[in-house]
Every structure is written in structure tokens, then in C-alpha cells.
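Text of protein_23.pdb, listed as PDB, C-alpha atoms:
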```
ATOM      1  CA  MET A 788      16.395  -1.705  44.693
ATOM      2  CA  GLU A 789      17.569   0.008  47.842
ATOM      3  CA  ILE A 790      20.619   2.285  47.670
ATOM      4  CA  PRO A 791      23.256   0.855  50.022
ATOM      5  CA  TYR A 792      25.155   2.746  52.711
ATOM      6  CA  THR A 793      23.008   5.876  52.795
ATOM      7  CA  THR A 794      23.067   5.833  56.580
ATOM      8  CA  GLN A 795      25.319   2.953  57.609
ATOM      9  CA  VAL A 796      29.063   3.320  57.413
ATOM     10  CA  ARG A 797      30.622   1.328  54.596
ATOM     11  CA  PRO A 798      33.254  -0.994  56.149
ATOM     12  CA  ASP A 799      36.007  -0.443  53.558
ATOM     13  CA  THR A 800      35.826   3.392  53.493
ATOM     14  CA  GLY A 801      34.674   4.070  57.040
ATOM     15  CA  LEU A 802      32.139   6.587  55.672
ATOM     16  CA  TYR A 803      28.578   6.522  54.392
ATOM     17  CA  ASN A 804      28.544   6.814  50.604
ATOM     18  CA  ALA A 805      27.283  10.376  50.306
ATOM     19  CA  LYS A 806      30.062  11.650  52.529
ATOM     20  CA  LEU A 807      32.708   9.924  50.430
ATOM     21  CA  GLY A 808      31.048  11.396  47.346
ATOM     22  CA  ILE A 809      30.996  14.968  48.639
ATOM     23  CA  TRP A 810      34.652  14.806  49.692
ATOM     24  CA  LEU A 811      35.666  13.539  46.247
ATOM     25  CA  PHE A 812      33.637  16.384  44.735
ATOM     26  CA  LEU A 813      35.212  18.938  47.079
ATOM     27  CA  ALA A 814      38.681  17.624  46.166
ATOM     28  CA  SER A 815      37.910  18.375  42.511
ATOM     29  CA  GLU A 816      36.651  21.809  43.548
ATOM     30  CA  VAL A 817      39.925  22.510  45.368
ATOM     31  CA  MET A 818      41.728  21.818  42.090
ATOM     32  CA  LEU A 819      39.355  24.080  40.153
ATOM     33  CA  PHE A 820      39.681  27.054  42.491
ATOM     34  CA  GLY A 821      43.357  26.275  43.113
ATOM     35  CA  GLY A 822      44.011  26.652  39.384
ATOM     36  CA  LEU A 823      42.260  30.021  39.350
ATOM     37  CA  PHE A 824      44.152  31.265  42.404
ATOM     38  CA  SER A 825      47.407  30.190  40.727
ATOM     39  CA  ALA A 826      46.372  32.067  37.585
ATOM     40  CA  TYR A 827      45.670  35.145  39.707
ATOM     41  CA  VAL A 828      49.118  34.999  41.345
ATOM     42  CA  LEU A 829      50.898  34.572  37.996
ATOM     43  CA  LEU A 830      48.945  37.429  36.385
ATOM     44  CA  ARG A 831      49.575  39.671  39.344
ATOM     45  CA  VAL A 832      53.334  39.105  39.588
ATOM     46  CA  GLY A 833      53.576  39.375  35.806
ATOM     47  CA  SER A 834      51.948  42.802  35.582
ATOM     48  CA  PRO A 835      54.199  45.877  35.243
ATOM     49  CA  GLU A 836      54.753  47.809  38.454
ATOM     50  CA  GLY A 837      52.056  50.399  39.098
ATOM     51  CA  PHE A 838      49.595  48.837  36.659
ATOM     52  CA  TRP A 839      47.780  46.415  38.990
ATOM     53  CA  PRO A 840      44.539  47.962  40.297
ATOM     54  CA  HIS A 841      44.256  49.026  43.931
ATOM     55  CA  GLY A 842      41.104  50.105  45.717
ATOM     56  CA  TRP A 843      38.773  49.143  42.873
ATOM     57  CA  LEU A 844      36.541  47.074  45.125
ATOM     58  CA  SER A 845      34.568  48.174  48.172
ATOM     59  CA  VAL A 846      36.180  46.707  51.305
ATOM     60  CA  THR A 847      33.008  47.562  53.259
ATOM     61  CA  LEU A 848      30.774  45.500  50.956
ATOM     62  CA  GLY A 849      33.323  42.676  50.916
ATOM     63  CA  THR A 850      33.368  42.693  54.725
ATOM     64  CA  VAL A 851      29.568  42.622  54.873
ATOM     65  CA  ASN A 852      29.554  39.596  52.578
ATOM     66  CA  THR A 853      32.236  37.898  54.704
ATOM     67  CA  LEU A 854      30.106  38.387  57.819
ATOM     68  CA  ILE A 855      27.036  37.065  55.989
ATOM     69  CA  LEU A 856      28.861  33.879  54.961
ATOM     70  CA  ALA A 857      30.398  33.425  58.428
ATOM     71  CA  LEU A 858      26.930  33.616  59.987
ATOM     72  CA  SER A 859      25.523  31.218  57.411
ATOM     73  CA  ALA A 860      28.217  28.661  58.320
ATOM     74  CA  ILE A 861      26.961  28.762  61.914
ATOM     75  CA  THR A 862      23.290  28.493  60.927
ATOM     76  CA  THR A 863      23.938  25.533  58.621
ATOM     77  CA  LEU A 864      25.746  23.762  61.485
ATOM     78  CA  LEU A 865      22.849  24.529  63.844
ATOM     79  CA  ALA A 866      20.405  23.131  61.271
ATOM     80  CA  TRP A 867      22.347  19.863  61.320
ATOM     81  CA  VAL A 868      22.378  19.857  65.144
ATOM     82  CA  ALA A 869      18.585  20.400  65.068
ATOM     83  CA  CYS A 870      18.284  17.292  62.880
ATOM     84  CA  LYS A 871      20.404  15.329  65.329
ATOM     85  CA  VAL A 872      18.251  16.335  68.318
ATOM     86  CA  ASN A 873      15.061  15.770  66.294
ATOM     87  CA  ASP A 874      13.770  19.342  66.482
ATOM     88  CA  PHE A 875      11.983  20.074  63.202
ATOM     89  CA  ARG A 876      11.053  23.679  64.012
ATOM     90  CA  GLN A 877      14.651  24.580  64.854
ATOM     91  CA  PHE A 878      15.801  22.872  61.688
ATOM     92  CA  LYS A 879      13.369  24.922  59.596
ATOM     93  CA  LEU A 880      14.464  28.114  61.327
ATOM     94  CA  PHE A 881      18.206  27.637  60.935
ATOM     95  CA  HIS A 882      18.094  26.175  57.436
ATOM     96  CA  GLY A 883      15.748  28.982  56.382
ATOM     97  CA  LEU A 884      18.154  31.527  57.872
ATOM     98  CA  THR A 885      21.013  29.963  55.886
ATOM     99  CA  LEU A 886      18.975  30.391  52.708
ATOM    100  CA  VAL A 887      18.156  34.028  53.533
ATOM    101  CA  LEU A 888      21.828  34.767  54.254
ATOM    102  CA  ALA A 889      22.901  33.091  51.004
ATOM    103  CA  LEU A 890      20.423  35.197  49.025
ATOM    104  CA  SER A 891      21.613  38.321  50.868
ATOM    105  CA  PHE A 892      25.167  37.522  49.771
ATOM    106  CA  LEU A 893      24.012  37.296  46.163
ATOM    107  CA  CYS A 894      22.154  40.618  46.454
ATOM    108  CA  VAL A 895      25.299  42.385  47.703
ATOM    109  CA  LYS A 896      27.365  40.711  44.968
ATOM    110  CA  SER A 897      24.851  41.805  42.312
ATOM    111  CA  TYR A 898      25.108  45.378  43.570
ATOM    112  CA  GLU A 899      28.901  45.207  43.301
ATOM    113  CA  TYR A 900      28.685  43.827  39.753
ATOM    114  CA  HIS A 901      26.227  46.553  38.767
ATOM    115  CA  ASP A 902      28.559  49.172  40.216
ATOM    116  CA  LYS A 903      31.367  47.903  37.971
ATOM    117  CA  TRP A 904      29.049  47.672  34.974
ATOM    118  CA  ILE A 905      28.115  51.358  35.116
ATOM    119  CA  HIS A 906      31.692  52.476  35.897
ATOM    120  CA  TYR A 907      33.298  53.785  32.699
ATOM    121  CA  GLU A 908      36.765  54.719  31.555
ATOM    122  CA  ILE A 909      36.391  57.216  28.717
ATOM    123  CA  HIS A 910      39.380  58.247  26.599
ATOM    124  CA  LEU A 911      38.897  61.691  25.059
ATOM    125  CA  LYS A 912      40.374  62.913  21.793
ATOM    126  CA  ASP A 913      42.429  65.580  23.623
ATOM    127  CA  GLY A 914      44.305  62.853  25.545
ATOM    128  CA  ARG A 915      42.496  63.238  28.864
ATOM    129  CA  ILE A 916      40.626  60.368  30.495
ATOM    130  CA  ALA A 917      37.235  60.622  32.188
ATOM    131  CA  ASP A 918      36.621  57.996  34.864
ATOM    132  CA  GLY A 919      33.382  57.565  36.751
ATOM    133  CA  HIS A 920      29.874  56.190  36.975
ATOM    134  CA  LEU A 921      27.447  56.678  34.143
ATOM    135  CA  GLU A 922      24.598  59.029  35.058
ATOM    136  CA  GLU A 923      22.845  59.360  31.704
ATOM    137  CA  GLN A 924      23.537  59.245  27.999
ATOM    138  CA  ASP A 925      21.854  60.163  24.744
ATOM    139  CA  GLU A 926      22.850  60.340  21.085
ATOM    140  CA  LYS A 927      25.041  63.418  21.536
ATOM    141  CA  THR A 928      26.227  63.459  25.160
ATOM    142  CA  VAL A 929      27.381  61.196  27.989
ATOM    143  CA  THR A 930      27.167  62.324  31.627
ATOM    144  CA  ILE A 931      29.239  60.654  34.324
ATOM    145  CA  SER A 932      29.841  61.273  37.995
ATOM    146  CA  GLY A 933      33.594  61.049  38.355
ATOM    147  CA  ARG A 934      36.922  62.681  37.570
ATOM    148  CA  ILE A 935      38.945  63.938  34.622
ATOM    149  CA  ILE A 936      42.453  62.507  34.677
ATOM    150  CA  PRO A 937      45.239  64.180  32.688
ATOM    151  CA  GLY A 938      46.620  61.951  29.924
ATOM    152  CA  ASP A 939      50.114  61.935  31.425
ATOM    153  CA  GLN A 940      48.800  60.583  34.764
ATOM    154  CA  GLU A 941      47.192  57.383  33.448
ATOM    155  CA  GLN A 942      48.570  55.454  36.420
ATOM    156  CA  LEU A 943      45.981  57.200  38.614
ATOM    157  CA  LEU A 944      43.378  54.995  36.914
ATOM    158  CA  TYR A 945      44.880  51.966  38.617
ATOM    159  CA  ASP A 946      44.706  53.367  42.136
ATOM    160  CA  LEU A 947      41.287  54.725  42.993
ATOM    161  CA  ARG A 948      42.577  55.739  46.436
ATOM    162  CA  ALA A 949      45.155  58.048  44.819
ATOM    163  CA  GLN A 950      42.438  59.504  42.541
ATOM    164  CA  LYS A 951      40.783  61.104  45.550
ATOM    165  CA  THR A 952      43.166  64.072  45.256
ATOM    166  CA  ILE A 953      41.163  65.070  42.171
ATOM    167  CA  PRO A 954      37.691  66.429  43.059
ATOM    168  CA  ARG A 955      34.720  64.331  41.962
ATOM    169  CA  ASP A 956      32.159  66.098  39.820
ATOM    170  CA  GLU A 957      29.341  65.586  37.345
ATOM    171  CA  ILE A 958      30.950  65.655  33.907
ATOM    172  CA  LYS A 959      29.065  66.103  30.642
ATOM    173  CA  LEU A 960      30.965  64.885  27.582
ATOM    174  CA  GLU A 961      30.197  65.385  23.894
ATOM    175  CA  ARG A 962      30.187  62.067  22.050
ATOM    176  CA  SER A 963      32.142  63.728  19.236
ATOM    177  CA  ASN A 964      35.041  64.216  21.720
ATOM    178  CA  ILE A 965      35.108  60.585  22.825
ATOM    179  CA  LEU A 966      37.780  58.315  21.389
ATOM    180  CA  LYS A 967      37.026  55.149  23.365
ATOM    181  CA  MET A 968      34.499  54.290  26.056
ATOM    182  CA  GLU A 969      34.571  51.061  28.037
ATOM    183  CA  ASN A 970      32.974  49.903  31.272
ATOM    184  CA  TYR A 971      34.744  47.978  34.036
ATOM    185  CA  GLY A 972      33.358  44.660  32.801
ATOM    186  CA  PRO A 973      35.353  41.422  32.467
ATOM    187  CA  ARG A 974      37.031  42.501  29.214
ATOM    188  CA  HIS A 975      38.268  45.811  30.613
ATOM    189  CA  ASN A 976      41.615  44.471  31.815
ATOM    190  CA  THR A 977      43.325  41.448  33.402
ATOM    191  CA  PHE A 978      42.155  42.340  36.907
ATOM    192  CA  THR A 979      38.474  42.646  36.027
ATOM    193  CA  ALA A 980      38.717  39.434  33.971
ATOM    194  CA  ILE A 981      40.098  37.388  36.868
ATOM    195  CA  TYR A 982      37.834  39.186  39.365
ATOM    196  CA  PHE A 983      34.648  38.370  37.459
ATOM    197  CA  THR A 984      35.821  34.818  36.717
ATOM    198  CA  MET A 985      36.656  33.966  40.317
ATOM    199  CA  THR A 986      33.778  35.742  42.045
ATOM    200  CA  GLY A 987      31.354  34.680  39.287
ATOM    201  CA  LEU A 988      32.285  31.019  39.723
ATOM    202  CA  HIS A 989      31.992  31.430  43.477
ATOM    203  CA  ALA A 990      28.575  33.109  43.091
ATOM    204  CA  LEU A 991      27.457  30.178  40.909
ATOM    205  CA  HIS A 992      28.412  27.855  43.768
ATOM    206  CA  ILE A 993      26.375  30.007  46.160
ATOM    207  CA  LEU A 994      23.457  29.828  43.741
ATOM    208  CA  GLY A 995      23.807  26.031  43.517
ATOM    209  CA  GLY A 996      23.921  25.894  47.311
ATOM    210  CA  CYS A 997      20.720  27.970  47.453
ATOM    211  CA  VAL A 998      18.945  25.451  45.220
ATOM    212  CA  VAL A 999      20.053  22.511  47.378
ATOM    213  CA  ILE A1000      19.356  24.256  50.693
ATOM    214  CA  GLY A1001      16.005  25.518  49.369
ATOM    215  CA  PHE A1002      15.020  22.006  48.275
ATOM    216  CA  LEU A1003      16.011  20.468  51.619
ATOM    217  CA  TRP A1004      14.197  23.249  53.476
ATOM    218  CA  GLY A1005      11.034  22.880  51.354
ATOM    219  CA  PRO A1006       9.870  19.751  49.483
ATOM    220  CA  GLY A1007      12.930  17.689  50.445
ATOM    221  CA  SER A1008      12.124  18.010  54.143
ATOM    222  CA  ARG A1009       9.347  15.403  53.724
ATOM    223  CA  MET A1010      12.106  12.833  54.185
ATOM    224  CA  TRP A1011      12.301  13.984  57.831
ATOM    225  CA  LYS A1012       9.328  11.685  58.543
ATOM    226  CA  THR A1013      10.066   8.826  56.145
ATOM    227  CA  ASP A1014      13.840   8.386  56.628
ATOM    228  CA  HIS A1015      15.156  10.709  59.321
ATOM    229  CA  ALA A1016      18.722   9.337  59.487
ATOM    230  CA  ARG A1017      19.204   9.706  55.729
ATOM    231  CA  PHE A1018      17.742  13.213  55.790
ATOM    232  CA  THR A1019      20.161  14.199  58.573
ATOM    233  CA  ASN A1020      23.036  12.937  56.454
ATOM    234  CA  ARG A1021      21.775  15.021  53.530
ATOM    235  CA  ILE A1022      21.871  18.101  55.747
ATOM    236  CA  GLU A1023      25.434  17.258  56.787
ATOM    237  CA  ILE A1024      26.459  16.895  53.131
ATOM    238  CA  SER A1025      24.888  20.224  52.171
ATOM    239  CA  GLY A1026      26.607  21.746  55.220
ATOM    240  CA  LEU A1027      30.001  20.413  54.096
ATOM    241  CA  PHE A1028      29.480  21.926  50.651
ATOM    242  CA  TRP A1029      28.381  25.211  52.204
ATOM    243  CA  HIS A1030      31.414  25.356  54.470
ATOM    244  CA  PHE A1031      33.656  24.780  51.454
ATOM    245  CA  VAL A1032      32.006  27.666  49.581
ATOM    246  CA  ASP A1033      32.513  29.866  52.662
ATOM    247  CA  LEU A1034      36.169  28.816  52.856
ATOM    248  CA  VAL A1035      36.742  29.813  49.232
ATOM    249  CA  TRP A1036      35.376  33.276  50.051
ATOM    250  CA  ILE A1037      37.760  33.540  53.027
ATOM    251  CA  PHE A1038      40.600  33.280  50.499
ATOM    252  CA  LEU A1039      38.920  35.395  47.813
ATOM    253  CA  PHE A1040      38.206  38.351  50.063
ATOM    254  CA  PRO A1041      41.783  39.262  51.097
ATOM    255  CA  VAL A1042      43.223  38.382  47.682
ATOM    256  CA  LEU A1043      40.831  40.562  45.688
ATOM    257  CA  TYR A1044      39.683  43.267  48.098
ATOM    258  CA  LEU A1045      42.635  43.986  50.356
ATOM    259  CA  THR A1046      45.508  43.985  47.853
TER     260      THR A1046
ATOM    261  CA  MET B 354      35.888  14.570  58.322
ATOM    262  CA  SER B 355      32.469  15.407  59.695
ATOM    263  CA  LEU B 356      30.715  18.765  59.507
ATOM    264  CA  LYS B 357      31.828  19.345  63.104
ATOM    265  CA  GLY B 358      35.506  18.989  62.165
ATOM    266  CA  PHE B 359      35.120  21.092  59.021
ATOM    267  CA  HIS B 360      33.409  23.797  61.070
ATOM    268  CA  LEU B 361      36.458  23.975  63.337
ATOM    269  CA  VAL B 362      38.732  24.345  60.295
ATOM    270  CA  PHE B 363      36.446  27.136  59.099
ATOM    271  CA  VAL B 364      36.508  28.917  62.478
ATOM    272  CA  THR B 365      40.319  28.702  62.562
ATOM    273  CA  LEU B 366      40.665  30.243  59.096
ATOM    274  CA  LEU B 367      38.052  32.878  59.916
ATOM    275  CA  THR B 368      40.129  33.898  62.938
ATOM    276  CA  ALA B 369      43.208  34.190  60.745
ATOM    277  CA  LEU B 370      41.242  36.305  58.254
ATOM    278  CA  ALA B 371      39.992  38.653  60.981
ATOM    279  CA  PHE B 372      43.533  39.347  62.220
ATOM    280  CA  LEU B 373      44.826  39.631  58.648
ATOM    281  CA  CYS B 374      42.145  42.257  57.960
ATOM    282  CA  ALA B 375      43.112  44.090  61.147
ATOM    283  CA  THR B 376      46.786  44.120  60.087
ATOM    284  CA  TRP B 377      45.833  45.393  56.635
ATOM    285  CA  ALA B 378      43.606  48.098  58.116
ATOM    286  CA  PHE B 379      46.219  49.397  60.550
ATOM    287  CA  THR B 380      48.820  49.428  57.749
ATOM    288  CA  ALA B 381      46.440  51.284  55.429
ATOM    289  CA  GLY B 382      45.539  53.794  58.151
ATOM    290  CA  HIS B 383      41.945  52.638  58.758
ATOM    291  CA  ALA B 384      42.127  52.474  62.564
ATOM    292  CA  ILE B 385      38.398  51.851  63.138
ATOM    293  CA  PHE B 386      38.353  48.966  60.661
ATOM    294  CA  GLY B 387      41.497  47.616  62.353
ATOM    295  CA  VAL B 388      39.926  47.674  65.805
ATOM    296  CA  ALA B 389      36.815  45.997  64.368
ATOM    297  CA  GLY B 390      39.072  43.327  62.857
ATOM    298  CA  VAL B 391      40.789  42.609  66.180
ATOM    299  CA  ALA B 392      37.403  42.559  67.967
ATOM    300  CA  SER B 393      36.015  40.147  65.352
ATOM    301  CA  GLY B 394      39.076  37.923  65.719
ATOM    302  CA  VAL B 395      38.667  37.775  69.498
ATOM    303  CA  LEU B 396      34.921  37.132  69.094
ATOM    304  CA  VAL B 397      35.563  34.234  66.709
ATOM    305  CA  ILE B 398      38.139  32.755  69.128
ATOM    306  CA  VAL B 399      35.602  32.992  71.995
ATOM    307  CA  TYR B 400      33.014  31.316  69.763
ATOM    308  CA  GLY B 401      35.523  28.618  68.782
ATOM    309  CA  VAL B 402      36.395  27.850  72.420
ATOM    310  CA  TYR B 403      32.675  27.818  73.343
ATOM    311  CA  PHE B 404      31.984  25.497  70.415
ATOM    312  CA  LEU B 405      34.791  23.120  71.438
ATOM    313  CA  LYS B 406      33.618  23.035  75.069
ATOM    314  CA  LYS B 407      30.062  22.382  73.945
ATOM    315  CA  LEU B 408      31.218  19.519  71.744
ATOM    316  CA  LYS B 409      32.874  17.743  74.651
ATOM    317  CA  ASN B 410      29.462  17.244  76.211
ATOM    318  CA  VAL B 411      27.695  16.336  72.976
ATOM    319  CA  ASP B 412      28.591  12.842  71.863
ATOM    320  CA  PHE B 413      26.033  12.512  69.064
ATOM    321  CA  LEU B 414      27.816  14.931  66.701
TER     322      LEU B 414
END
```
Could the structure of this file be written out as C-alpha cells, please?
Amino acid sequence: MEIPYTTQVRPDTGLYNAKLGIWLFLASEVMLFGGLFSAYVLLRVGSPEGFWPHGWLSVTLGTVNTLILALSAITTLLAWVACKVNDFRQFKLFHGLTLVLALSFLCVKSYEYHDKWIHYEIHLKDGRIADGHLEEQDEKTVTISGRIIPGDQEQLLYDLRAQKTIPRDEIKLERSNILKMENYGPRHNTFTAIYFTMTGLHALHILGGCVVIGFLWGPGSRMWKTDHARFTNRIEISGLFWHFVDLVWIFLFPVLYLT
Amino acid sequence: MSLKGFHLVFVTLLTALAFLCATWAFTAGHAIFGVAGVASGVLVIVYGVYFLKKLKNVDFL
């Protein structure tokens, strides 16, 4: 049985079915991310003054990822245009570029996650706090590259920009002097929890987009010859999804990196 | 809304982001990042205008 309205516009909706489907899906996505953004705002305004992290994320890496996604939005549009003008080589080029850019975004994001994973806050028994990146550890010692923060200046932990007044050094700590040691993973505090939740969910969407774009670029592109109009619509649908994912990042970047 | 329309929405928001970044950078004292933000914003506007003009002559999108 043939699937109806894959290329023709359905009279009652004014859209072909896949386009109606993707917009319904994107509406549900708006609610999903909207809920998380609301949670972020409530957590942020509810935190005591001076205890919401500042400067914990690299603005440079965030900017690089923003540029990558902006470029990928253009390439995905050009891939669709290539379908419309029936230029297979251009389609392959631009859709392939979109895939490469998407994977580049994930590489940068992985680096950022790794950076947080090896960043430790270590409470010492004498009340001081060591904060920095793990260099090496064994049964008796832990070495980090970072700073020692006096116990009465704990607020410095929340503003990495203010920490720069304390010189950074390689610090070797005896395990017997360590009271508590925790990395900047999701369970570290409210900020890291919401940061990993929001960016993780976004990264999953990028990964899903990679699968779809990769399929349409590779084995799925056989439909170019058998049903060109339907294939072009598939590219438009994947492009709409990709633009939505890019739009979410446009909101995530200032909210998480610039505040 | 077609991909063409959604792309215009994206370009508009990207422009807003670029100028927002520039404002943040100047406030935070990162002048070079601020100038880059303004330049990016202008670049995106130029692209947006070029894209719109191009669309007027392309009826198949």
C-alpha cells in the first residue's frame, strides 16, 4: 500500500504529511526544552547571592561551537537547495559538510565534558580547599594543577574569574589530609546538574541528527533516483529538525556560558 | 513553515545573539571579543539580506 501525501500537499492541512509530523514533534520538543529552561531560571533565582557559578565554562569553546552550528544551518539549507536544483554532487558536498560540522560540535562538547570531569574540588582537613585539574593520583597522593583557597573564602570557588588573583600551581596533596574530593560532574552542585542535563539532552539531539543526516547522505540517498520529490522532502524535514537543534543552542549558549 | 522561513527565523535570532554577545563582552571588559561580536552581527545581517534578495528570484523554494 502506498503511503499517501509524501509529496503532495494534503488538502485539509495544507502540508505534506511529513512536514506536519515534524512540526508536531518540534512543538513537543519546545515543551521539553522549555521546561528545562524554566527549571534553570527557577534554580538560578532561588540560589543564595554569590553562590551561583560564574566563569565555569569556556566562552571561547562555546563560541566555536556556536559558529560550527551556525555554519551547519547554512550547509543543511544549501543541501536542500541542491536537491531542488537536481545537483547530486552539491547535495553530497553540503550534506556531508553538515555531518562533519555536527561531529565537530560533539568533539568540542566532549572536550568540555572531559575538562569538567577531571576538575576537582578537594576539601582538606585543615579547612582549606584545593581546586584544579587532576594531574595524577596514586594510593597515597593526589596531584592537581590549580589553586589552594582559604576556608574562609569559599565563595571564590563559585567565581573562577575572581580566583585568578591566586596564582595557579601544581599541588601535591597527601590522601591522609583529604576530607572530601569531588569532580565537577553532574552531582557536584545545582549548576553542574542543570548544565549537564541541558547540554547532554542537546548533544543527544545532535547525535540523533547525525544518524539521520548520515543515513540520508549515505544509503538513504538511493531514493534520489527512485523518488526524487520524496527524497527532497526528507532533506527539508531533516533540515527543519537541524535548525531547531541550532536554535536551542542559540538560547543555551548565553544562558549557560555568558551568565 | 518551510525550511526557507525557518532559516530566516534562525538568522534573525543569530543576529540577536551576536549583538548580545558583543554587549556582554564590552560589559565584561573583553573588547576584542566585543568587536568580534559586532562584526559577526553585521556579517549575519549582510548574509540575511543577501539570502532574502536571492529568494526573491528563486520561486522553487
Exercise for the section: Run the PyMOL selection byres ((chain A and resi 918-932) around 12) on the file and write out the hits as a VMD selection string. Expected result: chain A and resid 843 901 to 911 915 to 917 933 to 938 941 943 to 947 950 to 951 953 to 965 967 to 971
Exercise for the section: Give me the result of the ChimeraX specification (/A :<8) & /B on this file, residue by residue, as a list of chain:residue names. Expected result: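 Written out, the selection comes to B:Ser355, B:Leu356, B:Lys357, B:Phe359, B:His360, B:Phe363, B:Leu366, B:Leu367, B:Leu370, B:Cys374, B:Trp377, B:Phe413, B:Leu414.
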Practice task
Tell me, as number ranges by chain, which residues lie within 7 Å of region 392-407 of chain B, counting only C-alpha atoms; anything in the same chain fewer than 4 positions away does not count.
Solution key: B: 364, 368, 371-372, 388, 411
Practice task
Measure the distance from CA of Leu1003 (chain A) to CA of His882 (chain A) in Å and round it to one decimal.
Solution key: 8.4 Å
Handout entry: Leu819 (chain A) surroundings by only C-alpha atoms, 12 Å radius, close-in-sequence under 5 positions cut, as a list in words
Key = Phe812, Leu813, Ala814, Phe824, Ser825, Ala826, Thr984, Met985, Leu988, His989 and Val1035 of chain A
Box along x, y and z, 4 Å on every side, all listed atoms of region 969-982 of chain A inside: centre and edge lengths in Å to one decimal, as JSON.
```
{"center_x": 38.1, "center_y": 44.2, "center_z": 33.7, "size_x": 18.4, "size_y": 21.7, "size_z": 19.3}
```
Problem - Selection: 7 Å around Phe881 (chain A), only C-alpha atoms, excl. self and same-chain fewer than 5 positions, as a ChimeraX atom specification - result: /A:862-863,865-866
Written selection (C-alpha atoms) as a PDB file, keeping the file's coordinate frame:
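Everything below was put into part25.pdb:
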```
ATOM      1  CA  THR A 862      23.290  28.493  60.927  1.00  0.00           C
ATOM      2  CA  THR A 863      23.938  25.533  58.621  1.00  0.00           C
ATOM      3  CA  LEU A 865      22.849  24.529  63.844  1.00  0.00           C
ATOM      4  CA  ALA A 866      20.405  23.131  61.271  1.00  0.00           C
TER       5      ALA A 866
END
```
Exercise for the section: Figure out the distance between CA of Thr885 (chain A) and CA of His992 (chain A), please, to one decimal in Å. Expected result: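 CA of Thr885 (chain A) lies 14.4 Å from CA of His992 (chain A).
Take CA of Gly821 (chain A) and CA of Leu1039 (chain A): the distance between them is 11.2 Å.
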Please provide as a tab-separated table (two decimals) with C-alpha atoms, in the frame of the given file all residues within 12 Å of Ala980 (chain A), with the sequence filter that same-chain residues fewer than 5 positions apart are discarded (counting all atoms listed in the file).
```
chain	number	residue	atom	x	y	z
A	823	LEU	CA	42.26	30.02	39.35
A	826	ALA	CA	46.37	32.07	37.58
A	827	TYR	CA	45.67	35.15	39.71
A	830	LEU	CA	48.94	37.43	36.38
A	903	LYS	CA	31.37	47.90	37.97
A	971	TYR	CA	34.74	47.98	34.04
A	972	GLY	CA	33.36	44.66	32.80
A	973	PRO	CA	35.35	41.42	32.47
A	974	ARG	CA	37.03	42.50	29.21
A	975	HIS	CA	38.27	45.81	30.61
A	985	MET	CA	36.66	33.97	40.32
A	986	THR	CA	33.78	35.74	42.04
A	987	GLY	CA	31.35	34.68	39.29
A	1043	LEU	CA	40.83	40.56	45.69
```
Handout entry: Nearest to Gly801 (chain A), chosen from B:Met354, B:Ala389, B:Ala381, B:Ala375, with all atoms listed in the file counted in the distances
Key =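 Selected residue with least distance to Gly801 (chain A): B:Met354.
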